[in-house]
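One file, structure.txt, is given below (compact mmCIF, C-alpha atoms).
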# COMPACT_ATOMS: atom_id res chain seq x y z
CA MET A 1 0.00 0.00 0.00
CA SER A 2 1.35 3.43 -0.93
CA TRP A 3 2.06 5.91 1.86
CA ARG A 4 1.22 8.80 -0.45
CA ASP A 5 -1.98 10.82 0.03
CA GLU A 6 -3.27 11.33 -3.51
CA GLU A 7 -5.56 14.22 -2.56
CA VAL A 8 -2.69 16.16 -0.98
CA THR A 9 -0.49 15.30 -3.96
CA ALA A 10 -3.08 16.70 -6.39
CA VAL A 11 -3.51 19.95 -4.45
CA ALA A 12 0.25 20.36 -4.02
CA THR A 13 0.95 19.66 -7.70
CA LYS A 14 -1.56 22.27 -8.85
CA PHE A 15 -0.16 24.77 -6.35
CA VAL A 16 3.46 24.24 -7.37
CA GLU A 17 2.59 24.53 -11.07
CA SER A 18 0.54 27.73 -10.72
CA GLU A 19 2.34 29.55 -7.90
CA LEU A 20 5.96 28.48 -8.30
CA VAL A 21 6.81 27.01 -11.71
CA ALA A 22 4.78 29.71 -13.49
CA ARG A 23 6.77 32.41 -11.66
CA ARG A 24 10.13 30.66 -11.75
CA GLU A 25 11.98 33.35 -13.71
CA GLU A 26 10.84 36.06 -11.32
CA PHE A 27 11.88 34.10 -8.25
CA GLU A 28 15.23 33.16 -9.76
CA ARG A 29 16.03 36.83 -10.40
CA GLN A 30 15.26 37.81 -6.80
CA HIS A 31 16.71 34.61 -5.26
CA GLN A 32 13.60 33.91 -3.19
CA VAL A 33 9.92 33.24 -3.56
CA ASP A 34 7.45 35.92 -2.50
CA ARG A 35 5.79 35.87 0.90
CA ASP A 36 2.38 35.63 -0.73
CA VAL A 37 3.37 32.12 -1.86
CA TRP A 38 3.86 31.07 1.76
CA ARG A 39 0.51 32.51 2.81
CA ARG A 40 -1.31 30.93 -0.13
CA ALA A 41 0.23 27.57 0.78
CA GLY A 42 -0.99 28.08 4.33
CA GLU A 43 -4.53 28.79 3.11
CA LEU A 44 -4.48 25.51 1.16
CA GLY A 45 -3.19 23.51 4.12
CA LEU A 46 0.16 22.71 2.49
CA LEU A 47 2.29 23.96 5.40
CA CYS A 48 2.95 21.93 8.56
CA CYS A 49 0.67 19.12 7.40
CA SER A 50 1.86 16.78 10.18
CA ILE A 51 1.63 19.32 13.00
CA PRO A 52 -1.38 18.67 15.30
CA GLU A 53 -4.50 20.72 14.67
CA GLN A 54 -4.35 22.17 18.19
CA TYR A 55 -1.25 24.08 17.05
CA GLY A 56 -2.75 25.17 13.74
CA GLY A 57 -1.34 22.35 11.62
CA GLY A 58 -3.02 19.84 9.36
CA GLY A 59 -3.21 17.08 11.95
CA GLY A 60 -1.86 14.49 9.51
CA THR A 61 1.24 12.32 9.47
CA PHE A 62 4.65 13.11 8.03
CA ALA A 63 3.49 11.30 4.89
CA HIS A 64 1.26 14.29 4.15
CA ASP A 65 4.24 16.64 4.32
CA LEU A 66 6.26 14.26 2.15
CA ALA A 67 3.51 14.28 -0.47
CA VAL A 68 3.92 18.07 -0.74
CA PHE A 69 7.74 17.86 -0.93
CA GLU A 70 7.55 15.08 -3.51
CA ALA A 71 5.14 17.02 -5.73
CA GLN A 72 7.57 19.92 -5.69
CA ALA A 73 10.49 17.63 -6.60
CA ARG A 74 8.64 15.97 -9.46
CA LEU A 75 8.09 19.35 -11.08
CA GLY A 76 11.73 20.33 -10.67
CA GLU A 77 10.90 23.25 -8.36
CA THR A 78 13.75 23.90 -5.93
CA GLY A 79 13.25 27.48 -4.78
CA TRP A 80 10.56 27.17 -2.13
CA GLY A 81 12.03 26.27 1.27
CA ASN A 82 9.03 24.45 2.67
CA GLY A 83 11.09 21.33 3.33
CA VAL A 84 13.12 23.21 5.92
CA HIS A 85 10.09 25.11 7.22
CA SER A 86 7.52 22.32 7.58
CA GLY A 87 9.75 19.26 7.53
CA ILE A 88 12.47 20.39 9.92
CA VAL A 89 11.91 23.60 11.92
CA ALA A 90 8.27 22.92 12.81
CA HIS A 91 9.22 19.49 14.12
CA TYR A 92 12.04 20.81 16.31
CA ILE A 93 9.50 23.12 17.93
CA LEU A 94 6.87 20.37 18.20
CA ALA A 95 9.31 17.86 19.68
CA TYR A 96 11.22 20.10 22.08
CA GLY A 97 9.21 23.28 22.58
CA THR A 98 7.24 24.10 25.68
CA GLU A 99 3.47 24.29 25.40
CA GLU A 100 3.75 28.08 25.31
CA GLN A 101 6.38 27.98 22.56
CA LYS A 102 4.34 25.62 20.43
CA ARG A 103 1.20 27.76 20.74
CA ARG A 104 3.19 30.93 20.05
CA TRP A 105 5.06 29.80 16.94
CA LEU A 106 3.43 26.83 15.20
CA PRO A 107 0.10 28.44 14.16
CA GLY A 108 1.99 31.23 12.37
CA MET A 109 4.20 28.67 10.62
CA ALA A 110 1.11 26.74 9.49
CA SER A 111 -0.54 29.88 8.11
CA GLY A 112 2.60 31.11 6.33
CA ASP A 113 2.80 34.28 8.43
CA LEU A 114 6.01 33.02 10.02
CA VAL A 115 8.82 31.44 7.97
CA GLY A 116 11.24 29.10 9.71
CA ALA A 117 14.97 28.44 9.24
CA ILE A 118 17.60 26.44 11.08
CA ALA A 119 21.12 27.79 11.50
CA MET A 120 23.60 24.94 11.87
CA THR A 121 26.39 25.41 9.33
CA GLU A 122 29.19 27.91 9.93
CA PRO A 123 32.06 29.12 7.74
CA GLY A 124 34.37 26.73 9.60
CA ALA A 125 31.94 23.96 10.58
CA GLY A 126 29.68 22.00 8.28
CA SER A 127 29.03 18.30 8.80
CA ASP A 128 31.04 18.35 12.05
CA LEU A 129 28.52 20.07 14.30
CA LYS A 130 30.69 19.62 17.41
CA ASN A 131 33.05 22.19 15.87
CA ILE A 132 30.63 25.13 15.84
CA ARG A 133 31.88 28.41 17.31
CA THR A 134 28.66 30.35 17.80
CA ARG A 135 28.27 31.11 21.50
CA ALA A 136 25.21 31.80 23.63
CA VAL A 137 25.97 33.19 27.09
CA LEU A 138 23.25 33.48 29.70
CA ASP A 139 22.99 37.06 31.01
CA GLY A 140 20.13 37.38 33.48
CA ASP A 141 16.98 36.33 31.68
CA GLU A 142 18.53 36.57 28.21
CA TYR A 143 21.00 34.67 26.05
CA VAL A 144 23.59 36.81 24.29
CA ILE A 145 24.48 35.16 20.99
CA ASP A 146 27.65 35.82 18.98
CA GLY A 147 28.68 34.00 15.83
CA ALA A 148 28.24 33.56 12.10
CA LYS A 149 26.20 31.07 10.10
CA THR A 150 26.24 30.32 6.39
CA PHE A 151 24.29 28.35 3.74
CA ILE A 152 21.08 29.06 5.66
CA SER A 153 17.93 28.15 3.72
CA ASN A 154 15.14 30.76 4.11
CA GLY A 155 17.71 33.08 5.68
CA GLN A 156 16.47 36.35 4.17
CA GLN A 157 12.83 35.71 4.94
CA ALA A 158 13.00 33.80 8.20
CA ASP A 159 10.96 35.09 11.12
CA LEU A 160 12.09 32.21 13.35
CA VAL A 161 15.63 30.83 13.28
CA VAL A 162 16.57 27.77 15.33
CA VAL A 163 20.18 28.59 16.16
CA VAL A 164 22.68 25.88 17.07
CA ALA A 165 25.02 27.43 19.64
CA LYS A 166 27.40 26.45 22.41
CA THR A 167 26.12 27.40 25.83
CA ASP A 168 29.01 25.58 27.54
CA PRO A 169 32.09 25.49 25.27
CA ALA A 170 34.02 23.30 27.72
CA ALA A 171 31.42 20.52 27.63
CA GLY A 172 31.90 19.47 23.99
CA ALA A 173 28.76 17.99 22.44
CA LYS A 174 26.99 18.25 25.79
CA GLY A 175 27.44 22.02 25.69
CA ILE A 176 25.38 22.56 22.51
CA SER A 177 21.88 24.07 22.74
CA LEU A 178 19.10 25.10 20.36
CA ILE A 179 17.73 28.61 20.78
CA VAL A 180 14.92 30.15 18.72
CA VAL A 181 15.65 33.66 17.50
CA GLU A 182 12.60 35.77 16.64
CA THR A 183 14.20 37.97 14.01
CA ALA A 184 11.70 40.86 14.13
CA ALA A 185 12.59 41.69 17.72
CA CYS A 186 16.25 40.79 17.97
CA PRO A 187 18.82 43.59 18.03
CA GLY A 188 22.17 42.24 16.98
CA PHE A 189 20.72 39.82 14.44
CA VAL A 190 22.07 40.65 10.98
CA ARG A 191 21.13 39.17 7.64
CA GLY A 192 24.15 38.94 5.38
CA ARG A 193 24.35 38.48 1.64
CA VAL A 194 22.23 36.14 -0.44
CA LEU A 195 24.66 33.52 -1.71
CA GLU A 196 25.22 33.00 -5.45
CA LYS A 197 25.01 29.27 -6.02
CA VAL A 198 25.77 26.98 -8.96
CA GLY A 199 22.19 25.74 -8.83
CA LEU A 200 18.99 26.41 -6.87
CA PRO A 201 18.87 30.04 -8.07
CA ALA A 202 15.38 30.72 -6.68
CA ALA A 203 16.27 29.39 -3.23
CA ASP A 204 16.82 31.89 -0.43
CA THR A 205 20.25 30.81 0.86
CA SER A 206 22.00 33.35 3.05
CA GLU A 207 24.65 34.26 5.56
CA LEU A 208 23.49 35.25 9.03
CA SER A 209 25.41 36.81 11.89
CA PHE A 210 24.77 37.44 15.56
CA GLU A 211 26.51 40.36 17.22
CA ASP A 212 25.58 40.52 20.90
CA ALA A 213 22.12 39.40 19.83
CA ARG A 214 19.86 39.23 22.87
CA VAL A 215 17.22 36.51 23.00
CA PRO A 216 14.87 35.68 25.89
CA ALA A 217 16.12 32.71 27.92
CA GLY A 218 12.64 31.27 27.46
CA ASN A 219 13.41 30.71 23.76
CA LEU A 220 15.70 27.78 24.62
CA LEU A 221 14.36 24.51 23.21
CA GLY A 222 14.33 21.48 25.46
CA GLY A 223 13.89 22.93 28.90
CA GLU A 224 17.54 23.07 29.86
CA PRO A 225 20.81 23.87 28.04
CA GLY A 226 23.12 21.21 26.67
CA ARG A 227 20.53 19.03 24.99
CA GLY A 228 21.01 20.40 21.49
CA PHE A 229 23.35 17.79 20.06
CA GLY A 230 21.05 14.93 21.01
CA GLN A 231 18.09 16.84 19.60
CA LEU A 232 19.94 17.37 16.33
CA MET A 233 20.93 13.72 16.01
CA THR A 234 17.33 12.62 16.61
CA GLN A 235 15.79 15.03 14.10
CA LEU A 236 18.42 14.67 11.37
CA ALA A 237 17.01 11.24 10.46
CA ARG A 238 13.79 13.00 9.42
CA GLU A 239 15.75 15.47 7.29
CA ARG A 240 17.65 12.66 5.59
CA LEU A 241 14.42 10.85 4.86
CA LEU A 242 13.04 14.04 3.32
CA LEU A 243 16.10 14.28 1.06
CA GLY A 244 15.77 10.64 0.05
CA VAL A 245 12.14 11.11 -0.96
CA THR A 246 12.85 14.20 -3.05
CA ALA A 247 15.96 12.68 -4.64
CA VAL A 248 14.04 9.61 -5.80
CA ALA A 249 11.10 11.66 -7.10
CA SER A 250 13.52 13.90 -9.00
CA ALA A 251 15.34 10.90 -10.48
CA GLU A 252 12.06 9.41 -11.67
CA SER A 253 11.15 12.74 -13.23
CA ALA A 254 14.51 12.90 -15.04
CA VAL A 255 13.93 9.45 -16.55
CA ALA A 256 10.43 10.41 -17.70
CA LEU A 257 11.56 13.72 -19.22
CA THR A 258 14.43 12.05 -21.08
CA THR A 259 12.33 9.17 -22.37
CA GLU A 260 9.87 11.64 -23.86
CA TYR A 261 12.63 13.76 -25.40
CA VAL A 262 14.61 10.97 -27.09
CA GLN A 263 11.48 9.65 -28.81
CA SER A 264 10.87 13.02 -30.44
CA ARG A 265 14.50 13.84 -31.34
CA ASP A 266 15.62 12.79 -34.86
CA MET A 267 19.21 11.83 -35.55
CA PHE A 268 20.76 10.19 -38.61
CA GLY A 269 17.38 9.35 -40.12
CA GLN A 270 15.89 7.81 -36.99
CA SER A 271 14.81 8.85 -33.54
CA LEU A 272 17.38 9.04 -30.76
CA TRP A 273 15.31 6.38 -29.00
CA ASP A 274 16.11 3.88 -31.77
CA PHE A 275 19.79 3.74 -30.81
CA GLN A 276 20.65 0.81 -28.58
CA ASN A 277 22.81 2.96 -26.33
CA THR A 278 19.87 5.26 -25.59
CA LYS A 279 17.69 2.33 -24.60
CA PHE A 280 20.38 0.83 -22.40
CA VAL A 281 21.11 4.11 -20.62
CA LEU A 282 17.42 4.66 -19.87
CA ALA A 283 16.85 1.02 -18.92
CA GLU A 284 19.64 1.27 -16.35
CA ALA A 285 18.40 4.63 -15.07
CA ALA A 286 14.82 3.38 -14.76
CA THR A 287 15.96 0.25 -12.92
CA THR A 288 18.06 2.25 -10.46
CA ALA A 289 15.18 4.65 -9.86
CA ARG A 290 12.84 1.70 -9.23
CA VAL A 291 15.23 0.17 -6.68
CA ALA A 292 15.56 3.57 -5.01
CA ARG A 293 11.77 3.90 -4.91
CA VAL A 294 11.43 0.58 -3.09
CA PHE A 295 14.11 1.62 -0.58
CA VAL A 296 12.65 5.06 0.09
CA ASP A 297 9.08 3.76 0.41
CA ASP A 298 10.27 1.22 2.97
CA CYS A 299 12.01 3.99 4.90
CA VAL A 300 8.87 6.14 4.86
CA ARG A 301 6.82 3.28 6.28
CA ARG A 302 9.45 2.65 8.95
CA HIS A 303 9.39 6.31 9.91
CA LEU A 304 5.60 6.37 10.12
CA ASP A 305 5.79 3.32 12.40
CA GLY A 306 8.46 4.98 14.54
CA GLU A 307 11.10 2.47 13.46
CA LEU A 308 13.44 4.40 11.13
CA ASP A 309 16.88 4.31 12.74
CA ALA A 310 19.66 6.83 12.14
CA THR A 311 21.85 4.32 10.31
CA THR A 312 19.18 3.41 7.75
CA ALA A 313 18.37 7.10 7.25
CA ALA A 314 22.07 7.77 6.58
CA MET A 315 22.15 4.88 4.10
CA LEU A 316 19.12 6.26 2.30
CA LYS A 317 20.47 9.80 2.16
CA TRP A 318 23.89 8.99 0.68
CA TRP A 319 22.76 6.27 -1.70
CA SER A 320 19.65 7.97 -3.08
CA THR A 321 21.41 11.27 -3.73
CA GLU A 322 24.36 9.53 -5.39
CA GLN A 323 21.96 7.70 -7.71
CA TYR A 324 20.02 10.88 -8.41
CA VAL A 325 23.16 12.77 -9.46
CA THR A 326 24.31 9.88 -11.66
CA ILE A 327 20.92 9.47 -13.34
CA VAL A 328 20.60 13.20 -14.07
CA ASP A 329 24.13 13.28 -15.50
CA ARG A 330 23.43 10.37 -17.86
CA CYS A 331 20.05 11.77 -18.89
CA THR A 332 21.59 15.19 -19.59
CA GLN A 333 24.04 13.53 -21.97
CA LEU A 334 21.15 12.22 -24.06
CA PHE A 335 19.88 15.76 -24.57
CA GLY A 336 23.15 16.75 -26.24
CA GLY A 337 23.70 20.51 -26.38
CA TYR A 338 20.12 21.18 -25.32
CA GLY A 339 20.90 19.51 -22.02
CA TYR A 340 23.04 22.52 -21.17
CA MET A 341 20.31 25.05 -21.91
CA ARG A 342 18.37 26.23 -18.85
CA GLU A 343 15.15 26.43 -20.86
CA TYR A 344 15.17 22.62 -20.62
CA PRO A 345 14.19 21.20 -17.21
CA ILE A 346 16.98 18.61 -17.37
CA ALA A 347 19.60 21.39 -17.38
CA ARG A 348 18.12 22.90 -14.23
CA MET A 349 18.06 19.49 -12.61
CA TYR A 350 21.71 18.95 -13.55
CA ALA A 351 22.74 22.15 -11.75
CA ASP A 352 20.43 21.61 -8.78
CA ALA A 353 21.20 17.95 -8.12
CA ARG A 354 24.84 18.16 -7.12
CA VAL A 355 24.35 19.83 -3.75
CA THR A 356 22.08 17.03 -2.52
CA LYS A 357 25.25 15.02 -1.87
CA VAL A 358 26.22 17.71 0.67
CA PHE A 359 22.86 18.64 2.25
CA ALA A 360 22.09 17.32 5.78
CA GLY A 361 25.64 16.06 6.20
CA SER A 362 27.96 15.16 3.35
CA ASN A 363 27.68 11.70 1.86
CA GLU A 364 31.15 10.93 3.20
CA THR A 365 29.84 11.68 6.69
CA MET A 366 26.84 9.41 6.04
CA LYS A 367 29.13 6.54 5.06
CA ASP A 368 31.18 7.10 8.19
CA LEU A 369 28.03 6.87 10.32
CA VAL A 370 27.07 3.62 8.58
CA ALA A 371 30.57 2.23 9.09
CA ARG A 372 30.45 3.03 12.80
CA SER A 373 27.22 1.08 13.11
CA LEU A 374 28.95 -1.91 11.50
CA GLN A 375 31.85 -1.62 13.92
CA ASP A 376 29.44 -1.47 16.86
CA GLY A 377 27.46 -4.42 15.58
CA ARG A 378 24.36 -2.34 14.88
CA GLY A 379 24.49 -2.51 11.09

Kindly return the structure encoded in the file as structure tokens.
Amino acid sequence: MSWRDEEVTAVATKFVESELVARREEFERQHQVDRDVWRRAGELGLLCCSIPEQYGGGGGTFAHDLAVFEAQARLGETGWGNGVHSGIVAHYILAYGTEEQKRRWLPGMASGDLVGAIAMTEPGAGSDLKNIRTRAVLDGDEYVIDGAKTFISNGQQADLVVVVAKTDPAAGAKGISLIVVETAACPGFVRGRVLEKVGLPAADTSELSFEDARVPAGNLLGGEPGRGFGQLMTQLARERLLLGVTAVASAESAVALTTEYVQSRDMFGQSLWDFQNTKFVLAEAATTARVARVFVDDCVRRHLDGELDATTAAMLKWWSTEQYVTIVDRCTQLFGGYGYMREYPIARMYADARVTKVFAGSNETMKDLVARSLQDGRG
């Protein structure tokens, strides 16, 4: 039985086509989607689908959120940061926030009035989160935050930023905490430049800095400081599942687009499809995508049953994104020179795909996590 909600998929597909794909050029020029897109998504119930209704969400399961993310991936739309907003930030608040925090922030996230971001990566610390240098020092009833973050999705628009900071630098991983910064009322919070990327041109990806930024102590997630690293490790499995789902949907889309193209493209008196090499390339790509689909669907079901472990999520993330990049590369080759023209969806996919091997922890880090599980006898 499929985990996918077809009704949500249909609504999400229509929304992405009309509100995002139709305005792609505009959003690529400004490096972000407009706020009206977020609010429209909220009106349609496409934000925070798996957040309980008592907090303004859809009251569904994470499968409903995944149906929205998958619809976006199938259409090759990579600018809208709902994956971070609904799939990651909302769940940090739901899992670790106090009742007051959840009632204060989640309804606005579900309506699209508040946009969420998470600030983990720093100029000198990416996959190795223990190495972060951002500090949060308790001063009375406030935390004073100092540090710099980079590659932050939704950075320019974010109203809520979950900041990963060290509240006790001497305690190593046990000194890391998660603190929610409300950007509208935070002196010392500075939005830096929008980053120019190889791909994902419509995505809001920014630098952020904190210069004696004062945040209420009550914005700490988890009740007490020092719990952040464990919180991150628990929630990262969800993020890696999200990436696996979108990678597989994108790979399937690449195969479909290429199959259609080669049957209409004439070469040497026959269609490109008639060449044996074309058939073999697509047969291999379709087979790999099918195997990936079986793997990702199994992982979704495990997650819905509360049984997706961190090791399997790491396996899914590195393997699915590697296959996605390989499939897109081989499909692009079949388009010839047109595969390098951005008016063709395959060219956009080619530029956008590569970073998935870095998102949510590099694939090398994922393999290391898997290897550790083997060494510990957990693999």

Radius query 10 Å about (10.5, 18.0, -4.8), atoms used: all atoms listed in the file, as an mmCIF file with C-alpha atoms, keeping the file's coordinate frame:
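Wrote it out as out34.cif, contents follow:
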data_model
loop_
_atom_site.group_PDB
_atom_site.id
_atom_site.type_symbol
_atom_site.label_atom_id
_atom_site.label_comp_id
_atom_site.auth_asym_id
_atom_site.auth_seq_id
_atom_site.Cartn_x
_atom_site.Cartn_y
_atom_site.Cartn_z
ATOM 1 C CA VAL A 16 3.460 24.240 -7.370
ATOM 2 C CA LEU A 66 6.260 14.260 2.150
ATOM 3 C CA ALA A 67 3.510 14.280 -0.470
ATOM 4 C CA VAL A 68 3.920 18.070 -0.740
ATOM 5 C CA PHE A 69 7.740 17.860 -0.930
ATOM 6 C CA GLU A 70 7.550 15.080 -3.510
ATOM 7 C CA ALA A 71 5.140 17.020 -5.730
ATOM 8 C CA GLN A 72 7.570 19.920 -5.690
ATOM 9 C CA ALA A 73 10.490 17.630 -6.600
ATOM 10 C CA ARG A 74 8.640 15.970 -9.460
ATOM 11 C CA LEU A 75 8.090 19.350 -11.080
ATOM 12 C CA GLY A 76 11.730 20.330 -10.670
ATOM 13 C CA GLU A 77 10.900 23.250 -8.360
ATOM 14 C CA THR A 78 13.750 23.900 -5.930
ATOM 15 C CA GLY A 79 13.250 27.480 -4.780
ATOM 16 C CA TRP A 80 10.560 27.170 -2.130
ATOM 17 C CA ASN A 82 9.030 24.450 2.670
ATOM 18 C CA GLY A 83 11.090 21.330 3.330
ATOM 19 C CA LEU A 242 13.040 14.040 3.320
ATOM 20 C CA LEU A 243 16.100 14.280 1.060
ATOM 21 C CA VAL A 245 12.140 11.110 -0.960
ATOM 22 C CA THR A 246 12.850 14.200 -3.050
ATOM 23 C CA ALA A 247 15.960 12.680 -4.640
ATOM 24 C CA VAL A 248 14.040 9.610 -5.800
ATOM 25 C CA ALA A 249 11.100 11.660 -7.100
ATOM 26 C CA SER A 250 13.520 13.900 -9.000
ATOM 27 C CA SER A 253 11.150 12.740 -13.230
#

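Residue nearest Asp65 in chain A, chosen from A:His31, A:Arg238, A:Arg293, A:Arg103 and counting all atoms listed in the file: A:Arg238.
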
With a distance cut-off of 12 Å and only C-alpha atoms, select the neighbouring residues of Arg302 in chain A, excluding the residue or stretch itself and same-chain residues fewer than 6 positions from it, and output the selection as JSON, numbers by chain. {"A": [3, 62, 63, 237, 238, 241, 295, 296, 308, 309, 310, 312, 313]}

If you take only C-alpha atoms and a cut-off of 12 Å, which residues of range 17-75 of chain A touch range 113-116 of chain A, and what are their nearest atom pairs and distances in Å to one decimal, in chain and number order, as CSV?
residue,atom,partner,partner_atom,distance
A:Val33,CA,A:Val115,CA,11.7
A:Asp34,CA,A:Val115,CA,11.5
A:Arg35,CA,A:Asp113,CA,8.3
A:Asp36,CA,A:Asp113,CA,9.3
A:Val37,CA,A:Asp113,CA,10.5
A:Trp38,CA,A:Asp113,CA,7.5
A:Arg39,CA,A:Asp113,CA,6.3
A:Arg40,CA,A:Asp113,CA,10.1
A:Ala41,CA,A:Asp113,CA,10.5
A:Gly42,CA,A:Asp113,CA,8.3
A:Glu43,CA,A:Asp113,CA,10.6
A:Leu47,CA,A:Val115,CA,10.3
A:Cys48,CA,A:Gly116,CA,11.0
A:Gly56,CA,A:Asp113,CA,11.9

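Counting only C-alpha atoms and comparing A:Leu220, A:Phe151, A:Gly97, A:Thr365, the residue that lies closest to Gly192 in chain A is A:Phe151.
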
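Distances to Ser50 in chain A were evaluated for A:Lys14, A:His91, A:His85, A:Arg193 using all atoms listed in the file, and the minimum falls at A:His91.
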
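Taking CA of Glu239 in chain A as the reference point, CA of Phe359 in chain A is found at 9.3 Å.
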
Could you tell me how far CA of Ala117 in chain A lies from CA of Ala22 in chain A, in Å and to one decimal? 24.9 Å

Residues within 12 Å of (22.6, 9.4, 7.5), counting all atoms listed in the file, listed as a PyMOL selection string: chain A and resi 127+233-244+308-321+357-373

The selected residues should be written to file as a short mmCIF file (atom, residue, chain, number, x, y, z; two decimals), in the frame of the given file (atoms: C-alpha atoms).
data_model
loop_
_atom_site.label_atom_id
_atom_site.label_comp_id
_atom_site.auth_asym_id
_atom_site.auth_seq_id
_atom_site.Cartn_x
_atom_site.Cartn_y
_atom_site.Cartn_z
CA SER A 127 29.03 18.30 8.80
CA MET A 233 20.93 13.72 16.01
CA THR A 234 17.33 12.62 16.61
CA GLN A 235 15.79 15.03 14.10
CA LEU A 236 18.42 14.67 11.37
CA ALA A 237 17.01 11.24 10.46
CA ARG A 238 13.79 13.00 9.42
CA GLU A 239 15.75 15.47 7.29
CA ARG A 240 17.65 12.66 5.59
CA LEU A 241 14.42 10.85 4.86
CA LEU A 242 13.04 14.04 3.32
CA LEU A 243 16.10 14.28 1.06
CA GLY A 244 15.77 10.64 0.05
CA LEU A 308 13.44 4.40 11.13
CA ASP A 309 16.88 4.31 12.74
CA ALA A 310 19.66 6.83 12.14
CA THR A 311 21.85 4.32 10.31
CA THR A 312 19.18 3.41 7.75
CA ALA A 313 18.37 7.10 7.25
CA ALA A 314 22.07 7.77 6.58
CA MET A 315 22.15 4.88 4.10
CA LEU A 316 19.12 6.26 2.30
CA LYS A 317 20.47 9.80 2.16
CA TRP A 318 23.89 8.99 0.68
CA TRP A 319 22.76 6.27 -1.70
CA SER A 320 19.65 7.97 -3.08
CA THR A 321 21.41 11.27 -3.73
CA LYS A 357 25.25 15.02 -1.87
CA VAL A 358 26.22 17.71 0.67
CA PHE A 359 22.86 18.64 2.25
CA ALA A 360 22.09 17.32 5.78
CA GLY A 361 25.64 16.06 6.20
CA SER A 362 27.96 15.16 3.35
CA ASN A 363 27.68 11.70 1.86
CA GLU A 364 31.15 10.93 3.20
CA THR A 365 29.84 11.68 6.69
CA MET A 366 26.84 9.41 6.04
CA LYS A 367 29.13 6.54 5.06
CA ASP A 368 31.18 7.10 8.19
CA LEU A 369 28.03 6.87 10.32
CA VAL A 370 27.07 3.62 8.58
CA ALA A 371 30.57 2.23 9.09
CA ARG A 372 30.45 3.03 12.80
CA SER A 373 27.22 1.08 13.11
#

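Coordinates place CA of Thr278 in chain A at a distance of 11.2 Å from CA of Tyr261 in chain A.
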
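The closest residue to Phe27 in chain A, picked from A:Ser111, A:Gly269, A:Pro201, A:Thr356 and counting only C-alpha atoms, is A:Pro201.
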
Reconstruct N, CA, C and O atoms of range 250-260 of chain A; output as a PDB file, in the coordinates of the input.
ATOM      1  N   SER A 250      12.817  13.132  -7.958  1.00  0.00           N
ATOM      2  CA  SER A 250      13.520  13.900  -9.000  1.00  0.00           C
ATOM      3  C   SER A 250      14.158  12.963 -10.020  1.00  0.00           C
ATOM      4  O   SER A 250      14.142  13.245 -11.228  1.00  0.00           O
ATOM      5  N   ALA A 251      14.727  11.863  -9.561  1.00  0.00           N
ATOM      6  CA  ALA A 251      15.340  10.900 -10.480  1.00  0.00           C
ATOM      7  C   ALA A 251      14.298  10.299 -11.406  1.00  0.00           C
ATOM      8  O   ALA A 251      14.515  10.147 -12.618  1.00  0.00           O
ATOM      9  N   GLU A 252      13.146   9.952 -10.848  1.00  0.00           N
ATOM     10  CA  GLU A 252      12.060   9.410 -11.670  1.00  0.00           C
ATOM     11  C   GLU A 252      11.609  10.438 -12.708  1.00  0.00           C
ATOM     12  O   GLU A 252      11.326  10.079 -13.866  1.00  0.00           O
ATOM     13  N   SER A 253      11.547  11.682 -12.303  1.00  0.00           N
ATOM     14  CA  SER A 253      11.150  12.740 -13.230  1.00  0.00           C
ATOM     15  C   SER A 253      12.171  12.890 -14.353  1.00  0.00           C
ATOM     16  O   SER A 253      11.799  13.081 -15.520  1.00  0.00           O
ATOM     17  N   ALA A 254      13.459  12.787 -14.021  1.00  0.00           N
ATOM     18  CA  ALA A 254      14.510  12.900 -15.040  1.00  0.00           C
ATOM     19  C   ALA A 254      14.383  11.788 -16.073  1.00  0.00           C
ATOM     20  O   ALA A 254      14.530  12.022 -17.286  1.00  0.00           O
ATOM     21  N   VAL A 255      14.099  10.582 -15.622  1.00  0.00           N
ATOM     22  CA  VAL A 255      13.930   9.450 -16.550  1.00  0.00           C
ATOM     23  C   VAL A 255      12.733   9.697 -17.463  1.00  0.00           C
ATOM     24  O   VAL A 255      12.802   9.477 -18.686  1.00  0.00           O
ATOM     25  N   ALA A 256      11.634  10.168 -16.904  1.00  0.00           N
ATOM     26  CA  ALA A 256      10.430  10.410 -17.700  1.00  0.00           C
ATOM     27  C   ALA A 256      10.656  11.511 -18.735  1.00  0.00           C
ATOM     28  O   ALA A 256      10.270  11.380 -19.910  1.00  0.00           O
ATOM     29  N   LEU A 257      11.286  12.613 -18.311  1.00  0.00           N
ATOM     30  CA  LEU A 257      11.560  13.720 -19.220  1.00  0.00           C
ATOM     31  C   LEU A 257      12.451  13.273 -20.382  1.00  0.00           C
ATOM     32  O   LEU A 257      12.228  13.631 -21.546  1.00  0.00           O
ATOM     33  N   THR A 258      13.464  12.477 -20.067  1.00  0.00           N
ATOM     34  CA  THR A 258      14.430  12.050 -21.080  1.00  0.00           C
ATOM     35  C   THR A 258      13.815  11.046 -22.041  1.00  0.00           C
ATOM     36  O   THR A 258      14.061  11.092 -23.258  1.00  0.00           O
ATOM     37  N   THR A 259      13.007  10.150 -21.508  1.00  0.00           N
ATOM     38  CA  THR A 259      12.330   9.170 -22.370  1.00  0.00           C
ATOM     39  C   THR A 259      11.440   9.869 -23.389  1.00  0.00           C
ATOM     40  O   THR A 259      11.413   9.512 -24.578  1.00  0.00           O
ATOM     41  N   GLU A 260      10.731  10.873 -22.947  1.00  0.00           N
ATOM     42  CA  GLU A 260       9.870  11.640 -23.860  1.00  0.00           C
ATOM     43  C   GLU A 260      10.703  12.374 -24.911  1.00  0.00           C
ATOM     44  O   GLU A 260      10.361  12.367 -26.108  1.00  0.00           O
TER      45      GLU A 260
END
